[in-house]
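Below is upload_27.cif, holding mmCIF, C-alpha atoms.
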```
data_final
loop_
_atom_site.label_atom_id
_atom_site.label_comp_id
_atom_site.auth_asym_id
_atom_site.auth_seq_id
_atom_site.Cartn_x
_atom_site.Cartn_y
_atom_site.Cartn_z
CA MET A 18 24.57 -10.52 -14.17
CA LYS A 19 21.01 -11.74 -13.73
CA GLU A 20 18.82 -12.28 -16.75
CA PRO A 21 15.53 -10.33 -16.50
CA THR A 22 13.56 -13.25 -17.92
CA ASP A 23 14.61 -15.87 -15.36
CA HIS A 24 15.75 -16.19 -11.77
CA ASN A 25 19.38 -17.28 -12.17
CA LEU A 26 22.69 -15.54 -11.43
CA TYR A 27 25.22 -15.74 -14.27
CA ILE A 28 28.95 -15.23 -14.83
CA GLN A 29 30.48 -14.35 -18.20
CA PRO A 30 34.07 -13.65 -19.31
CA LEU A 31 34.85 -9.99 -20.06
CA GLU A 32 36.41 -10.96 -23.38
CA GLY A 33 33.20 -12.70 -24.38
CA GLY A 34 32.19 -16.31 -24.60
CA ALA A 35 29.61 -18.59 -23.03
CA LYS A 36 28.04 -17.61 -19.74
CA ALA A 37 27.60 -20.01 -16.84
CA VAL A 38 24.94 -20.24 -14.14
CA LEU A 39 26.38 -19.42 -10.71
CA ALA A 40 23.16 -19.80 -8.76
CA GLU A 41 19.66 -20.89 -9.68
CA ASN A 42 16.34 -19.57 -8.43
CA VAL A 43 17.58 -16.44 -6.68
CA ALA A 44 14.01 -15.03 -6.68
CA ARG A 45 13.77 -11.35 -7.57
CA ALA A 46 16.52 -9.39 -9.32
CA VAL A 47 19.90 -9.41 -7.60
CA THR A 48 20.65 -5.74 -6.96
CA THR A 49 24.24 -6.31 -5.82
CA ALA A 50 26.76 -9.09 -6.45
CA VAL A 51 30.38 -8.59 -5.35
CA TRP A 52 33.61 -10.55 -5.63
CA ALA A 53 35.66 -11.76 -2.67
CA PRO A 54 39.14 -10.16 -2.57
CA ASP A 55 40.86 -13.31 -3.87
CA GLY A 56 38.37 -13.73 -6.72
CA GLY A 57 37.43 -17.17 -5.46
CA ARG A 58 33.85 -16.35 -4.43
CA VAL A 59 30.90 -14.24 -5.51
CA LEU A 60 28.58 -12.85 -2.83
CA PHE A 61 24.96 -12.02 -3.62
CA THR A 62 21.61 -11.42 -1.93
CA ASN A 63 18.64 -13.72 -2.31
CA ASP A 64 15.07 -13.22 -1.07
CA ARG A 65 13.92 -16.75 -1.89
CA ASP A 66 13.04 -17.46 1.75
CA GLY A 67 11.23 -14.17 2.30
CA GLY A 68 14.18 -12.05 3.50
CA ASP A 69 17.22 -10.47 1.90
CA ASP A 70 19.88 -13.02 2.86
CA MET A 71 23.54 -13.07 1.83
CA TRP A 72 24.86 -16.11 -0.02
CA SER A 73 28.20 -16.97 -1.58
CA VAL A 74 29.27 -19.38 -4.29
CA ARG A 75 32.80 -20.58 -5.05
CA VAL A 76 34.18 -19.85 -8.52
CA GLN A 77 36.98 -21.69 -10.36
CA GLU A 78 38.02 -20.92 -13.91
CA GLY A 79 34.86 -18.95 -14.58
CA ARG A 80 32.47 -21.64 -13.38
CA PRO A 81 30.74 -22.47 -10.07
CA ALA A 82 32.67 -24.87 -7.84
CA GLY A 83 29.91 -26.13 -5.57
CA LEU A 84 26.51 -25.09 -4.28
CA PRO A 85 25.73 -21.62 -2.88
CA GLU A 86 26.36 -21.24 0.86
CA LEU A 87 24.35 -19.13 3.29
CA VAL A 88 26.55 -16.44 4.85
CA GLN A 89 24.20 -14.15 6.78
CA LYS A 90 20.43 -13.79 7.10
CA GLY A 91 18.62 -10.46 7.00
CA VAL A 92 21.37 -8.53 5.24
CA GLY A 93 19.21 -6.10 3.28
CA ARG A 94 21.47 -4.39 0.76
CA LEU A 95 24.95 -5.76 0.09
CA LEU A 96 27.43 -2.90 -0.40
CA ASP A 97 31.02 -4.10 -0.83
CA VAL A 98 33.85 -6.29 0.46
CA THR A 99 37.24 -4.83 1.45
CA ARG A 100 40.59 -6.37 0.56
CA GLY A 101 40.82 -7.49 4.17
CA GLY A 102 37.62 -9.51 3.81
CA GLU A 103 35.26 -7.24 5.73
CA CYS A 104 31.78 -7.11 4.24
CA TYR A 105 29.65 -3.98 4.50
CA TYR A 106 25.87 -4.10 4.15
CA GLN A 107 22.90 -1.90 4.89
CA THR A 108 19.63 -2.81 6.59
CA SER A 109 16.49 -0.69 6.62
CA PRO A 110 14.14 -2.11 9.26
CA ARG A 111 10.69 -0.68 8.61
CA THR A 112 7.84 -0.32 11.07
CA GLU A 113 4.23 0.49 10.23
CA ASP A 114 1.92 1.14 13.14
CA LEU A 115 -1.61 2.40 13.58
CA TYR A 116 -2.30 5.72 15.30
CA VAL A 117 -5.58 7.27 16.45
CA ALA A 118 -6.03 11.03 16.92
CA GLY A 119 -8.95 13.25 17.87
CA VAL A 120 -10.27 15.86 15.41
CA ASP A 121 -12.85 18.61 15.54
CA PRO A 122 -15.23 17.77 12.67
CA GLN A 123 -16.47 21.37 12.47
CA THR A 124 -13.10 23.13 12.20
CA GLY A 125 -11.02 20.24 10.84
CA LYS A 126 -8.37 20.87 13.50
CA LEU A 127 -6.53 18.39 15.70
CA ALA A 128 -8.33 17.85 19.03
CA SER A 129 -5.89 15.36 20.62
CA ARG A 130 -2.42 14.13 19.81
CA PRO A 131 -1.98 10.81 17.92
CA LYS A 132 -1.86 7.69 20.10
CA GLN A 133 -0.10 4.56 18.88
CA ILE A 134 -2.37 1.50 19.16
CA THR A 135 -0.23 -1.25 17.56
CA THR A 136 3.40 -2.32 18.00
CA SER A 137 5.89 -4.83 16.62
CA GLY A 138 5.27 -5.29 12.93
CA ALA A 139 3.44 -3.71 10.04
CA HIS A 140 -0.19 -2.66 10.21
CA ALA A 141 -2.29 -0.87 7.62
CA GLY A 142 -5.69 -0.13 6.17
CA ALA A 143 -7.73 0.37 9.35
CA ALA A 144 -11.47 1.13 9.31
CA TRP A 145 -14.03 1.39 12.12
CA SER A 146 -17.28 -0.54 11.91
CA PRO A 147 -20.37 1.71 11.50
CA ASP A 148 -21.40 1.03 15.10
CA GLY A 149 -17.92 2.01 16.31
CA GLU A 150 -17.41 -1.33 18.10
CA TYR A 151 -14.59 -2.74 15.96
CA LEU A 152 -11.53 -1.68 14.02
CA ALA A 153 -10.62 -3.86 11.05
CA TYR A 154 -7.09 -3.65 9.67
CA TYR A 155 -4.26 -5.65 8.12
CA ALA A 156 -1.25 -7.15 9.84
CA VAL A 157 1.71 -7.69 7.52
CA PRO A 158 4.18 -10.44 8.56
CA ALA A 159 7.86 -9.65 9.00
CA ASP A 160 8.76 -11.47 5.78
CA ARG A 161 6.28 -9.27 3.86
CA GLY A 162 4.16 -12.26 2.94
CA PRO A 163 0.37 -12.11 2.45
CA SER A 164 -1.40 -9.72 4.81
CA SER A 165 -3.76 -11.05 7.48
CA PRO A 166 -7.02 -9.22 8.23
CA MET A 167 -7.42 -8.46 11.95
CA LEU A 168 -10.29 -7.32 14.14
CA ARG A 169 -9.81 -5.18 17.26
CA SER A 170 -12.52 -4.65 19.85
CA ILE A 171 -12.73 -0.97 20.79
CA ARG A 172 -14.31 -1.82 24.15
CA THR A 173 -11.79 -4.44 25.33
CA GLY A 174 -8.77 -3.82 23.10
CA GLN A 175 -8.62 -7.54 22.27
CA GLU A 176 -7.43 -8.48 18.78
CA ARG A 177 -8.06 -11.58 16.70
CA GLY A 178 -7.23 -12.71 13.20
CA LEU A 179 -10.07 -13.26 10.78
CA VAL A 180 -10.47 -16.71 9.22
CA PRO A 181 -9.79 -17.52 6.44
CA ARG A 182 -6.51 -15.73 6.89
CA PHE A 183 -6.07 -14.51 3.33
CA VAL A 184 -9.57 -13.27 2.56
CA ASN A 185 -9.38 -10.36 0.12
CA ILE A 186 -11.14 -7.48 1.88
CA GLY A 187 -9.49 -4.83 -0.27
CA ILE A 188 -6.58 -2.49 0.40
CA THR A 189 -8.65 -0.68 3.05
CA PRO A 190 -11.42 -2.62 4.83
CA GLN A 191 -15.00 -1.52 4.13
CA TRP A 192 -18.03 -2.39 6.23
CA PHE A 193 -21.67 -3.09 5.49
CA PRO A 194 -24.09 -0.91 7.52
CA ASP A 195 -24.95 -3.75 9.93
CA SER A 196 -21.32 -3.91 11.22
CA ARG A 197 -21.38 -7.69 10.85
CA PHE A 198 -20.08 -8.03 7.31
CA LEU A 199 -16.98 -6.74 5.59
CA PHE A 200 -17.16 -5.84 1.91
CA VAL A 201 -15.00 -8.18 -0.16
CA SER A 202 -13.88 -6.31 -3.27
CA PRO A 203 -11.21 -7.96 -5.42
CA PRO A 204 -9.69 -5.89 -8.27
CA ALA A 205 -11.90 -7.81 -10.73
CA GLY A 206 -14.66 -10.34 -10.59
CA LYS A 207 -17.31 -11.18 -8.02
CA LEU A 208 -18.24 -9.21 -4.92
CA ALA A 209 -18.84 -10.88 -1.57
CA GLN A 210 -19.62 -10.36 2.11
CA PHE A 211 -17.32 -11.61 4.84
CA ASP A 212 -19.06 -12.60 8.08
CA ILE A 213 -16.78 -11.53 10.95
CA GLN A 214 -18.53 -13.89 13.38
CA ALA A 215 -18.78 -17.01 11.21
CA GLY A 216 -15.43 -16.37 9.53
CA GLU A 217 -16.67 -17.11 6.04
CA SER A 218 -17.47 -15.32 2.80
CA ARG A 219 -20.66 -15.49 0.82
CA PRO A 220 -21.50 -14.04 -2.61
CA TRP A 221 -23.11 -10.63 -2.89
CA LEU A 222 -24.74 -9.43 -6.12
CA GLU A 223 -23.98 -12.77 -7.76
CA SER A 224 -25.08 -11.60 -11.21
CA VAL A 225 -22.46 -8.79 -11.21
CA THR A 226 -18.91 -9.17 -12.48
CA LEU A 227 -16.79 -6.04 -12.25
CA PRO A 228 -14.19 -5.39 -14.97
CA HIS A 229 -10.54 -5.64 -14.05
CA PHE A 230 -9.02 -2.33 -13.01
CA TYR A 231 -5.58 -1.89 -14.55
CA GLN A 232 -3.10 0.42 -12.92
CA ASP A 233 -2.03 3.23 -15.20
CA ASP A 234 1.41 3.04 -16.83
CA SER A 235 2.48 6.09 -14.84
CA GLY A 236 3.04 3.77 -11.88
CA MET A 237 0.83 5.76 -9.52
CA ALA A 238 -0.81 3.61 -6.87
CA ASN A 239 -4.58 3.35 -7.18
CA TYR A 240 -5.47 2.94 -3.56
CA ILE A 241 -9.17 2.15 -3.87
CA SER A 242 -10.87 1.06 -7.07
CA VAL A 243 -14.16 -0.29 -5.63
CA VAL A 244 -16.18 1.49 -2.91
CA LEU A 245 -19.39 0.48 -1.17
CA ALA A 246 -21.92 3.26 -0.49
CA PRO A 247 -22.64 3.86 3.22
CA ASP A 248 -26.16 2.44 2.84
CA ALA A 249 -24.92 -0.48 0.66
CA ARG A 250 -27.41 0.48 -2.07
CA ALA A 251 -24.68 1.23 -4.60
CA VAL A 252 -21.11 0.36 -5.50
CA TYR A 253 -18.73 2.81 -7.15
CA TYR A 254 -15.82 1.51 -9.19
CA LEU A 255 -13.10 2.62 -11.59
CA THR A 256 -12.10 1.52 -15.07
CA ASN A 257 -9.01 2.69 -16.93
CA ASP A 258 -8.43 3.58 -20.56
CA ARG A 259 -4.68 2.93 -20.53
CA GLU A 260 -4.02 4.36 -24.00
CA ALA A 261 -5.82 7.62 -23.22
CA HIS A 262 -4.52 7.70 -19.62
CA GLN A 263 -8.04 8.35 -18.37
CA THR A 264 -10.28 6.86 -15.70
CA SER A 265 -14.04 6.39 -15.69
CA ILE A 266 -16.05 6.37 -12.46
CA PHE A 267 -19.10 4.09 -12.56
CA ARG A 268 -22.07 3.67 -10.23
CA LEU A 269 -23.59 0.20 -9.87
CA ASP A 270 -27.10 0.10 -8.41
CA ALA A 271 -27.26 -2.77 -5.90
CA GLN A 272 -31.04 -3.05 -6.29
CA ASP A 273 -31.44 -3.57 -10.02
CA GLY A 274 -27.84 -4.08 -11.17
CA SER A 275 -27.89 -1.10 -13.53
CA LYS A 276 -24.63 0.72 -14.25
CA LYS A 277 -23.98 4.38 -15.03
CA GLU A 278 -20.79 6.19 -15.98
CA LEU A 279 -20.60 9.25 -13.74
CA CYS A 280 -17.58 10.91 -15.32
CA ARG A 281 -14.44 10.33 -17.35
CA THR A 282 -11.30 12.17 -16.30
CA ASP A 283 -7.56 11.84 -15.70
CA LEU A 284 -6.02 9.14 -13.54
CA VAL A 285 -8.01 8.63 -10.33
CA THR A 286 -6.16 7.31 -7.28
CA GLY A 287 -8.85 7.03 -4.65
CA LEU A 288 -12.58 7.13 -4.00
CA ALA A 289 -14.65 8.10 -0.96
CA VAL A 290 -18.44 8.48 -0.67
CA SER A 291 -19.91 11.13 1.64
CA PRO A 292 -21.87 9.82 4.67
CA ASP A 293 -25.20 10.89 3.11
CA GLY A 294 -24.29 9.19 -0.17
CA SER A 295 -24.73 12.35 -2.25
CA ARG A 296 -21.11 13.04 -3.32
CA ILE A 297 -17.83 11.36 -4.12
CA ALA A 298 -14.38 12.71 -3.32
CA PHE A 299 -11.35 11.48 -5.24
CA VAL A 300 -7.78 12.38 -6.15
CA LYS A 301 -7.06 13.23 -9.78
CA THR A 302 -3.52 13.01 -11.14
CA ARG A 303 -2.35 14.52 -14.39
CA THR A 304 0.75 15.95 -16.06
CA GLU A 305 0.79 19.64 -16.93
CA ALA A 306 3.19 21.14 -19.44
CA ALA A 307 3.86 24.67 -20.66
CA PRO A 308 6.13 25.89 -23.48
CA GLY A 309 9.74 25.75 -22.36
CA VAL A 310 8.84 24.26 -18.98
CA GLU A 311 9.52 20.71 -17.82
CA PRO A 312 6.24 18.72 -17.55
CA LYS A 313 5.24 18.12 -13.94
CA PRO A 314 2.63 15.97 -12.20
CA VAL A 315 -0.25 17.75 -10.49
CA TRP A 316 -2.63 16.29 -7.90
CA SER A 317 -6.14 17.60 -7.20
CA ILE A 318 -8.86 16.84 -4.66
CA MET A 319 -12.10 16.57 -6.64
CA THR A 320 -15.76 16.18 -5.67
CA LEU A 321 -18.57 14.81 -7.82
CA PRO A 322 -22.33 14.28 -7.27
CA THR A 323 -23.19 10.58 -7.15
CA SER A 324 -25.82 11.32 -9.79
CA GLY A 325 -23.04 12.31 -12.19
CA GLY A 326 -21.96 15.59 -13.73
CA GLU A 327 -18.86 17.73 -13.90
CA PRO A 328 -16.22 17.12 -11.18
CA LYS A 329 -15.26 20.14 -9.07
CA GLU A 330 -11.69 20.84 -8.05
CA VAL A 331 -11.38 21.92 -4.42
CA TYR A 332 -7.60 21.71 -3.96
CA ARG A 333 -4.56 21.44 -6.22
CA VAL A 334 -0.87 20.89 -5.57
CA ALA A 335 2.29 19.90 -7.43
CA PRO A 336 4.51 17.35 -5.64
CA PRO A 337 4.17 16.17 -2.92
CA PHE A 338 1.31 13.82 -3.82
CA LEU A 339 -2.20 13.58 -2.35
CA SER A 340 -4.07 10.47 -1.23
CA TYR A 341 -6.94 9.05 0.83
CA PRO A 342 -9.67 11.70 0.69
CA ARG A 343 -12.18 11.21 3.52
CA TRP A 344 -15.41 13.06 4.36
CA SER A 345 -16.31 14.62 7.69
CA LYS A 346 -19.48 13.23 9.27
CA ASP A 347 -21.58 16.23 8.15
CA GLY A 348 -20.06 16.24 4.65
CA ARG A 349 -18.83 19.81 4.98
CA ARG A 350 -15.12 19.03 5.00
CA VAL A 351 -12.75 16.67 3.21
CA PHE A 352 -9.71 15.27 5.01
CA PHE A 353 -6.77 13.93 3.00
CA LEU A 354 -3.11 13.01 3.20
CA ARG A 355 -0.34 15.03 1.61
CA GLY A 356 2.93 13.17 1.14
CA GLY A 357 6.50 14.31 0.91
CA PRO A 358 9.08 15.15 3.60
CA ALA A 359 6.39 16.93 5.68
CA SER A 360 3.72 14.25 5.40
CA ASP A 361 0.55 15.33 7.20
CA VAL A 362 -3.24 15.12 7.36
CA PHE A 363 -4.99 18.14 5.85
CA SER A 364 -8.61 19.25 5.82
CA ILE A 365 -10.43 21.61 3.47
CA PRO A 366 -14.03 22.83 3.13
CA ALA A 367 -15.88 20.56 0.69
CA GLU A 368 -16.81 23.57 -1.44
CA GLY A 369 -13.19 24.69 -1.66
CA GLY A 370 -11.07 27.12 0.32
CA GLU A 371 -7.88 27.06 2.34
CA ALA A 372 -6.45 23.65 3.22
CA GLN A 373 -5.02 23.43 6.71
CA PRO A 374 -2.62 20.84 8.15
CA LEU A 375 -3.50 19.08 11.38
CA GLY A 376 0.15 19.09 12.50
CA ILE A 377 0.53 15.34 13.11
CA SER A 378 4.36 15.62 13.11
CA LEU A 379 5.29 11.95 12.62
CA HIS A 380 6.87 10.31 9.58
CA ALA A 381 5.24 8.92 6.42
CA LEU A 382 1.45 8.72 6.78
CA SER A 383 -0.95 6.49 4.83
CA TYR A 384 -4.34 4.70 5.02
CA LEU A 385 -6.34 7.55 6.50
CA ASN A 386 -9.84 6.79 7.81
CA ILE A 387 -12.45 8.55 9.97
CA HIS A 388 -14.55 7.25 12.86
CA PRO A 389 -18.33 7.09 12.18
CA ASP A 390 -18.95 9.82 14.78
CA GLY A 391 -16.44 12.08 13.00
CA THR A 392 -14.33 12.84 16.07
CA GLN A 393 -11.36 10.53 15.47
CA ILE A 394 -9.03 9.59 12.65
CA VAL A 395 -6.90 6.49 12.24
CA PHE A 396 -3.86 6.17 10.00
CA THR A 397 -0.64 4.24 9.49
CA ASP A 398 2.72 5.84 10.22
CA SER A 399 5.75 4.27 8.54
CA GLN A 400 9.42 4.79 9.29
CA SER A 401 12.68 3.16 8.30
CA ASP A 402 15.88 3.02 10.33
CA ASN A 403 18.85 2.80 7.95
CA GLN A 404 21.77 0.98 9.58
CA LEU A 405 25.29 0.28 8.29
CA TRP A 406 26.83 -3.04 9.35
CA VAL A 407 30.20 -4.70 8.88
CA LEU A 408 30.67 -8.47 8.92
CA LYS A 409 34.20 -9.51 9.92
CA ASN A 410 35.93 -12.85 9.41
CA LEU A 411 33.48 -13.31 6.57
CA PHE A 412 34.68 -16.51 4.99
CA ASN A 413 34.96 -18.32 8.30
CA ALA A 414 31.27 -17.60 8.94
CA ALA A 415 29.79 -19.20 5.82
CA LYS A 416 27.27 -21.92 6.52
CA ALA A 417 26.38 -24.93 4.45
CA GLY A 418 23.75 -24.21 1.82
CA ARG A 419 20.52 -26.00 1.44
#
```
For the structure just supplied, provide its representation as structure tokens.
Amino acid sequence: MKEPTDHNLYIQPLEGGAKAVLAENVARAVTTAVWAPDGGRVLFTNDRDGGDDMWSVRVQEGRPAGLPELVQKGVGRLLDVTRGGECYYQTSPRTEDLYVAGVDPQTGKLASRPKQITTSGAHAGAAWSPDGEYLAYYAVPADRGPSSPMLRSIRTGQERGLVPRFVNIGITPQWFPDSRFLFVSPPAGKLAQFDIQAGESRPWLESVTLPHFYQDDSGMANYISVVLAPDARAVYYLTNDREAHQTSIFRLDAQDGSKKELCRTDLVTGLAVSPDGSRIAFVKTRTEAAPGVEPKPVWSIMTLPTSGGEPKEVYRVAPPFLSYPRWSKDGRRVFFLRGGPASDVFSIPAEGGEAQPLGISLHALSYLNIHPDGTQIVFTDSQSDNQLWVLKNLFNAAKAGR
């Protein structure tokens, strides 16, 4: 088995005794290791090179007899080996593409069906520039390495990568009002502006250092922890009290650097400022329990004045989860994503009322955003294609290891 404190694969006699290293530096935890039918090899997966590849190592008398050998690249999940030497494995190719759909900002209903605008790969976190000329988003390489920020011209459809490639523009890109700079918001530390034309970052509010935002122990994803106001006159950010399982929402004045705690509540998993800068929408997550009833998580869409006060609940649901609240252009409606098997975009009046689905009818939706004119939405749709494979003549196909 693999020790949780290192990156080696071990073998140990059932009757006890010293263990031996079968393979070193096998990257993350080995989820499956299986024996060859004759007991002379152990097969395992290794993501050291960025993919889940199958390797084998010869075993003699409970010890490795040579270096690991590459058997097959891109295996995914190793299942089992039959007595005849056939190896079964499962792959789950995943695609994540951007879609744009039309919406009626007054009624919150779908105005035109979603149109796919990216192909071949993984794309996420799209946001239109305030002037509507560009769409900034992330492209994730096939090996799931660091994401690359991209810029797409709405007028020409041309795309280009932003330099430097690994600039941290946050989970979802945010724009300054001039549509020239992207807001650089790391989880902790200094804020910056990224010039999309010059391809370089420069400090913004140099005297400010934001505290590190720690994800809550519940494991819920905190999608956005730092948000720039539409007029760039304020920054809103989250801090967590991990022991109390509570989140504080702070407002930082960009003019004088003053900070104000707006509220303290349960775990917050997203922030969005209304176009007029008067209110915040966010998702609150908590666990509710009643006598004799199993505790269950509950998600709520909340709104809060940017001057502070008591948050108002406008929508509540048990699983599936909620994410990515977004304001309509006039601030009268809040759009959001609801997960689960029937993942969809919903909208609800900002003062509360009946939430209605748009009826997107795709797969797993994420990274919702709204066009500055309020008539379009952009989101990522993800899907996996589970495939079962069999590799025959396995031990004749092994390749020399590196």
*Care to translate the PyMOL selection byres ((chain A and resi 29) around 10) into actual residues of this file, as number ranges by chain?*
A: 18, 27-28, 30-39, 79-80
_Polymer residues at most 10 Å from A:Gly274, only C-alpha atoms, same-chain spacing of 3 or more positions, as an MDAnalysis selection string_ = chainID A and resid 222 224:225 251:252 268:271
*With distances taken over only C-alpha atoms, which of A:Asp69, A:Glu368, A:Asp248, A:Asp212 is nearest to A:Phe198?*
A:Asp212
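Comparing the minimum interatomic distances between A:Tyr332 and each of A:Phe299, A:Phe230, A:Phe61, A:Trp406, counting all atoms listed in the file, we find that A:Phe299 sits nearest.
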Could you produce a table of the residues of stretch 287-401 of chain A lying within 12 Å of stretch 128-146 of chain A, with the nearest pair of atoms per residue and their separation in Å rounded to one decimal, using all atoms listed in the file, ordered by chain and increasing residue number, as JSON lines?
```
{"residue": "A:Tyr341", "atom": "CA", "partner": "A:Gly142", "partner_atom": "CA", "distance": 10.7}
{"residue": "A:Arg343", "atom": "CA", "partner": "A:Ala144", "partner_atom": "CA", "distance": 11.6}
{"residue": "A:Asp361", "atom": "CA", "partner": "A:Pro131", "partner_atom": "CA", "distance": 11.9}
{"residue": "A:Val362", "atom": "CA", "partner": "A:Pro131", "partner_atom": "CA", "distance": 11.5}
{"residue": "A:Leu375", "atom": "CA", "partner": "A:Ala128", "partner_atom": "CA", "distance": 9.1}
{"residue": "A:Gly376", "atom": "CA", "partner": "A:Arg130", "partner_atom": "CA", "distance": 9.2}
{"residue": "A:Ile377", "atom": "CA", "partner": "A:Pro131", "partner_atom": "CA", "distance": 7.1}
{"residue": "A:Ser378", "atom": "CA", "partner": "A:Pro131", "partner_atom": "CA", "distance": 9.3}
{"residue": "A:Leu379", "atom": "CA", "partner": "A:Pro131", "partner_atom": "CA", "distance": 9.1}
{"residue": "A:Leu382", "atom": "CA", "partner": "A:Ala141", "partner_atom": "CA", "distance": 10.3}
{"residue": "A:Ser383", "atom": "CA", "partner": "A:Ala141", "partner_atom": "CA", "distance": 8.0}
{"residue": "A:Tyr384", "atom": "CA", "partner": "A:Gly142", "partner_atom": "CA", "distance": 5.1}
{"residue": "A:Leu385", "atom": "CA", "partner": "A:Gly142", "partner_atom": "CA", "distance": 7.7}
{"residue": "A:Asn386", "atom": "CA", "partner": "A:Ala144", "partner_atom": "CA", "distance": 6.1}
{"residue": "A:Ile387", "atom": "CA", "partner": "A:Ala144", "partner_atom": "CA", "distance": 7.5}
{"residue": "A:His388", "atom": "CA", "partner": "A:Trp145", "partner_atom": "CA", "distance": 5.9}
{"residue": "A:Pro389", "atom": "CA", "partner": "A:Trp145", "partner_atom": "CA", "distance": 7.1}
{"residue": "A:Asp390", "atom": "CA", "partner": "A:Trp145", "partner_atom": "CA", "distance": 10.1}
{"residue": "A:Gly391", "atom": "CA", "partner": "A:Trp145", "partner_atom": "CA", "distance": 11.0}
{"residue": "A:Thr392", "atom": "CA", "partner": "A:Ala128", "partner_atom": "CA", "distance": 8.4}
{"residue": "A:Gln393", "atom": "CA", "partner": "A:Ala128", "partner_atom": "CA", "distance": 8.7}
{"residue": "A:Ile394", "atom": "CA", "partner": "A:Pro131", "partner_atom": "CA", "distance": 8.9}
{"residue": "A:Val395", "atom": "CA", "partner": "A:Ala143", "partner_atom": "CA", "distance": 6.8}
{"residue": "A:Phe396", "atom": "CA", "partner": "A:Ala143", "partner_atom": "CA", "distance": 7.0}
{"residue": "A:Thr397", "atom": "CA", "partner": "A:Ala141", "partner_atom": "CA", "distance": 5.7}
{"residue": "A:Asp398", "atom": "CA", "partner": "A:Ala141", "partner_atom": "CA", "distance": 8.8}
{"residue": "A:Ser399", "atom": "CA", "partner": "A:Ala139", "partner_atom": "CA", "distance": 8.4}
{"residue": "A:Gln400", "atom": "CA", "partner": "A:Ala139", "partner_atom": "CA", "distance": 10.4}
{"residue": "A:Ser401", "atom": "CA", "partner": "A:Ala139", "partner_atom": "CA", "distance": 11.6}
```
*Output the residue selection produced by the PyMOL selection byres ((chain A and resi 359) around 9) on the file above, formatted as an MDAnalysis selection string.*
chainID A and resid 337 355:358 360:361 378:381
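Of the listed residues (A:Cys280, A:Ile297, A:Val310, A:Leu95), A:Leu95 comes nearest to A:Asp70; the distances count only C-alpha atoms.
With distances restricted to only C-alpha atoms, A:Gly125 is the closest residue to A:Arg349 from A:Gly125, A:Arg169, A:Leu288, A:Gly309.
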